[in-house]
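Only one structure is covered here, and it is reproduced in the block below.
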Amino acid sequence: MFQQNPQGVLQQSPAVFLRYCTADCPEFLSLGQHTTPSQGQLLSQENTGYQENWAQILICLFLIERNQVQVFSHYRAQQQPMEPDAWGNRTTVIEFILLGLTENIRLQPILLVVFLFAYLVTVGGNLSILAAILVEPKLHTPMYFFLGNLSLLDVGCITVTVPLRLACLLAHQCTVPYATCISQLFFFHLLAGVDCHFLTAMAYDRYLAFCQPLTYSTRMSQEVQGALVGICCTNSFINALTHTVAISVLDFCGPNVVNHFYCDLPPLFQLSCSSIHLNGQLLFVGATFMGVFPLILISVSFAHVTAAVLRIRSAEGRKKAFSTCGSHITVVCIFYGTGSFSYMCLGSVSASDKDKGVGILNTILSPMLNPVIYSLRNPDVQGALKRVLMGKRPPE
């Protein structure tokens with residue numbers, strides 16, 4: 001039957017499809033005795049649940065040639081463990097499987113080294129920036145106050161995602177409990193949201209410094225800095241909590257394989273058995289308030305800053321001002337550019353391999369590059385870093 005009409009067989013229901021397969025190849029059900037445990041679990045007669053759900057067999061293509069059946073490829077979307085729903089016969093996912101960047105086993109050691117290197121460099125670089133700001137009296141200004149907090153956020157963002165990925169690479173599997181996945185999603189959006197607002201606060205600080213220099217010390221006092229930090233954290237907490245609660249009420253009763261290397265909204269939307277219309281609207285509104293509006297404020301601030309810098313007569317003064325602002329603009333472009341691809345595109349609800357690349361830029365590359373960008377053309381930060389690394393005291 002498969003030889004006569006392969007397309008027709010593949011379009012049948014799972015039970016009928018498997019009946020055709022076993023009719024053409026009686027060895028199909030017994031094949032599990034000679035395969036790995038995961039394959040045997042798929043092909044064993046005891047695991048009859050796959051006959052009721054297409055997600056148990058995503059690819060089962062048999063090539064029948066010269067009366068011999070060869071397995072061309074197969075893929076198993078692992079559904080277990082699941083627990084029965086208390087209100088019906090449905091099953092509820094209690095853990096997710098993160099696919100990661102690739103399923104090529106040969107690339108796993110390379111990815112392990114790359115992720116570990118990126119994590120160590122990011123944590124070391126950002127903590128060095130923070131230490132330099134703390135020990136250098138010259139850097140005790142509002143601008144570096146926000147930069148130090150931004151370094152802490154970068155350490156937090158990469159710590160939420162990368163250590164779990166490293167553990168998965170070491171274990172050669174990545175099974176994440178439901179609660180852990182939801183917690184990772186919450187803390188990632190919390191820290192990333194605060195990051196958005198801190199970039200806006202830093203742009204506002206530069207606006208006051210260049211456009212309102214006479215009132216800068218009063219408008220950016222320690223009380224104002226504390227209030228801005230509180231507002232940033234509160235807004236981000238509300239946004240992260242809203243998305244977390246909204247996704248926690250969704251039903252996950254089908255596939256539990258997340259096509260990403262960490263738990264995020266778009267790939268989890270793909271696995272929901274219930275409507276995600278409200279979640280999509282919340283994602284759009286949240287991205288607007290957390291991304292579009294801050295980006296507009298940053299653009300307006302730097303437009304005024306640019307106009308003020310161009311009025312400086314000294315070429316050396318203009319160069320120093322542009323170097324200070326250029327670092328911040330570079331970080332903003334990287335952060336908002338990658339974030340817009342993740343959450344503001346029309347196809348953001350569908351998970352794809354492209355989203356993984358954007359995720360790497362957003363969660364790993366951006367925090368790793370921030371210390372380099374802010375210290376590359378800043379002699380004050382460079383000098384403070386050298387003294388911190390060499391153990392010297394700052395000049396009094």
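For the structure tokens, the naming scheme is as follows: chains receive sequential letters (A, B, ...) according to their order of presentation, residues are indexed from 1 within each chain, and ligands are indexed from 1 in presentation order.
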| Which neighbours of stretch 357-367 of chain A fall inside 10 Å, counting only C-alpha atoms, when residues of the same chain fewer than 3 positions from it are skipped, and could you give them as a ChimeraX atom specification? | /A:101,115,118-119,121-123,125-126,150-162,188,192,260-262,264,331-332,334-342,352-354,370-373
| said: If we count only C-alpha atoms and set the cut-off at 8 Å, which residues sit around A:Leu190, ignoring sequence neighbours fewer than 5 positions away in its own chain? Please answer as a ChimeraX atom specification. | reply: /A:233,236-237,239-240
| message | What's around A:Val292 at 12 Å? Count only C-alpha atoms, leave out sequence neighbours fewer than 2 positions away in its own chain, and write the answer as JSON, numbers by chain. | response | {"A": [196, 197, 200, 284, 285, 286, 287, 288, 289, 290, 294, 295, 296, 297, 298, 299, 336, 337, 339, 340, 343, 344]}
Mind the document's chain letters and residue numbers, and return as a PDB file with N, CA, C and O atoms, in the first residue's frame the residues of stretch 82-321 of chain A that DSSP labels strand (DSSP E).
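Saved as part_25.pdb:
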ATOM      1  N   MET A  82       3.854  13.346  31.529  1.00  0.00           N
ATOM      2  CA  MET A  82       2.652  14.164  31.604  1.00  0.00           C
ATOM      3  C   MET A  82       1.781  13.619  32.720  1.00  0.00           C
ATOM      4  O   MET A  82       1.926  12.485  33.155  1.00  0.00           O
ATOM      5  N   GLU A  83       0.868  14.426  33.176  1.00  0.00           N
ATOM      6  CA  GLU A  83      -0.041  13.982  34.213  1.00  0.00           C
ATOM      7  C   GLU A  83      -1.465  14.238  33.757  1.00  0.00           C
ATOM      8  O   GLU A  83      -1.739  15.189  33.020  1.00  0.00           O
ATOM      9  N   PRO A  84      -2.443  13.410  34.149  1.00  0.00           N
ATOM     10  CA  PRO A  84      -3.818  13.590  33.713  1.00  0.00           C
ATOM     11  C   PRO A  84      -4.390  14.897  34.221  1.00  0.00           C
ATOM     12  O   PRO A  84      -4.099  15.342  35.329  1.00  0.00           O
ATOM     13  N   THR A  91      -4.088  15.365  28.952  1.00  0.00           N
ATOM     14  CA  THR A  91      -2.842  15.307  29.714  1.00  0.00           C
ATOM     15  C   THR A  91      -2.216  16.688  29.746  1.00  0.00           C
ATOM     16  O   THR A  91      -2.353  17.473  28.814  1.00  0.00           O
ATOM     17  N   THR A  92      -1.550  17.011  30.831  1.00  0.00           N
ATOM     18  CA  THR A  92      -0.943  18.309  31.024  1.00  0.00           C
ATOM     19  C   THR A  92       0.568  18.163  31.052  1.00  0.00           C
ATOM     20  O   THR A  92       1.096  17.314  31.770  1.00  0.00           O
ATOM     21  N   VAL A  93       1.242  18.999  30.285  1.00  0.00           N
ATOM     22  CA  VAL A  93       2.704  18.967  30.250  1.00  0.00           C
ATOM     23  C   VAL A  93       3.239  19.467  31.579  1.00  0.00           C
ATOM     24  O   VAL A  93       2.849  20.528  32.066  1.00  0.00           O
ATOM     25  N   GLU A  95       6.761  19.263  32.066  1.00  0.00           N
ATOM     26  CA  GLU A  95       8.126  19.663  31.780  1.00  0.00           C
ATOM     27  C   GLU A  95       8.296  19.880  30.287  1.00  0.00           C
ATOM     28  O   GLU A  95       7.526  19.369  29.469  1.00  0.00           O
ATOM     29  N   PHE A  96       9.303  20.689  29.939  1.00  0.00           N
ATOM     30  CA  PHE A  96       9.586  21.005  28.545  1.00  0.00           C
ATOM     31  C   PHE A  96      10.972  20.489  28.176  1.00  0.00           C
ATOM     32  O   PHE A  96      11.835  20.288  29.034  1.00  0.00           O
ATOM     33  N   ILE A  97      11.165  20.286  26.883  1.00  0.00           N
ATOM     34  CA  ILE A  97      12.450  19.853  26.342  1.00  0.00           C
ATOM     35  C   ILE A  97      12.968  20.959  25.431  1.00  0.00           C
ATOM     36  O   ILE A  97      12.335  21.306  24.437  1.00  0.00           O
ATOM     37  N   LEU A  98      14.113  21.524  25.796  1.00  0.00           N
ATOM     38  CA  LEU A  98      14.718  22.583  25.003  1.00  0.00           C
ATOM     39  C   LEU A  98      15.619  21.963  23.939  1.00  0.00           C
ATOM     40  O   LEU A  98      16.562  21.233  24.263  1.00  0.00           O
ATOM     41  N   THR A 175      15.870  18.633  29.758  1.00  0.00           N
ATOM     42  CA  THR A 175      14.507  18.526  30.254  1.00  0.00           C
ATOM     43  C   THR A 175      14.335  19.528  31.386  1.00  0.00           C
ATOM     44  O   THR A 175      15.035  19.460  32.400  1.00  0.00           O
ATOM     45  N   VAL A 176      13.414  20.469  31.196  1.00  0.00           N
ATOM     46  CA  VAL A 176      13.226  21.558  32.148  1.00  0.00           C
ATOM     47  C   VAL A 176      11.825  21.452  32.750  1.00  0.00           C
ATOM     48  O   VAL A 176      10.839  21.399  32.006  1.00  0.00           O
ATOM     49  N   PRO A 177      11.703  21.400  34.079  1.00  0.00           N
ATOM     50  CA  PRO A 177      10.374  21.394  34.701  1.00  0.00           C
ATOM     51  C   PRO A 177       9.564  22.625  34.304  1.00  0.00           C
ATOM     52  O   PRO A 177      10.133  23.698  34.022  1.00  0.00           O
ATOM     53  N   VAL A 257       8.232  20.100  23.173  1.00  0.00           N
ATOM     54  CA  VAL A 257       9.577  20.391  22.683  1.00  0.00           C
ATOM     55  C   VAL A 257       9.654  21.859  22.280  1.00  0.00           C
ATOM     56  O   VAL A 257       8.963  22.299  21.357  1.00  0.00           O
ATOM     57  N   VAL A 258      10.489  22.631  22.987  1.00  0.00           N
ATOM     58  CA  VAL A 258      10.646  24.066  22.742  1.00  0.00           C
ATOM     59  C   VAL A 258      11.777  24.260  21.740  1.00  0.00           C
ATOM     60  O   VAL A 258      12.920  23.870  21.996  1.00  0.00           O
TER      61      VAL A 258
END
| message | Under the rule that only C-alpha atoms are counted, which of A:Thr102, A:Ser301, A:Thr330, A:Gln225 is the nearest residue to A:Tyr204? | response |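 Closest residue, counting only C-alpha atoms: A:Ser301.
Closest to A:Ala246 among A:Val229, A:Gln212, A:Phe186, A:Met202 is A:Phe186, based on only C-alpha atoms.
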| message | For a quick check of understanding, using only C-alpha atoms, which of A:Cys263, A:Leu107, A:Ala203, A:Val245 has the smallest distance to A:Met143? | response | A:Ala203
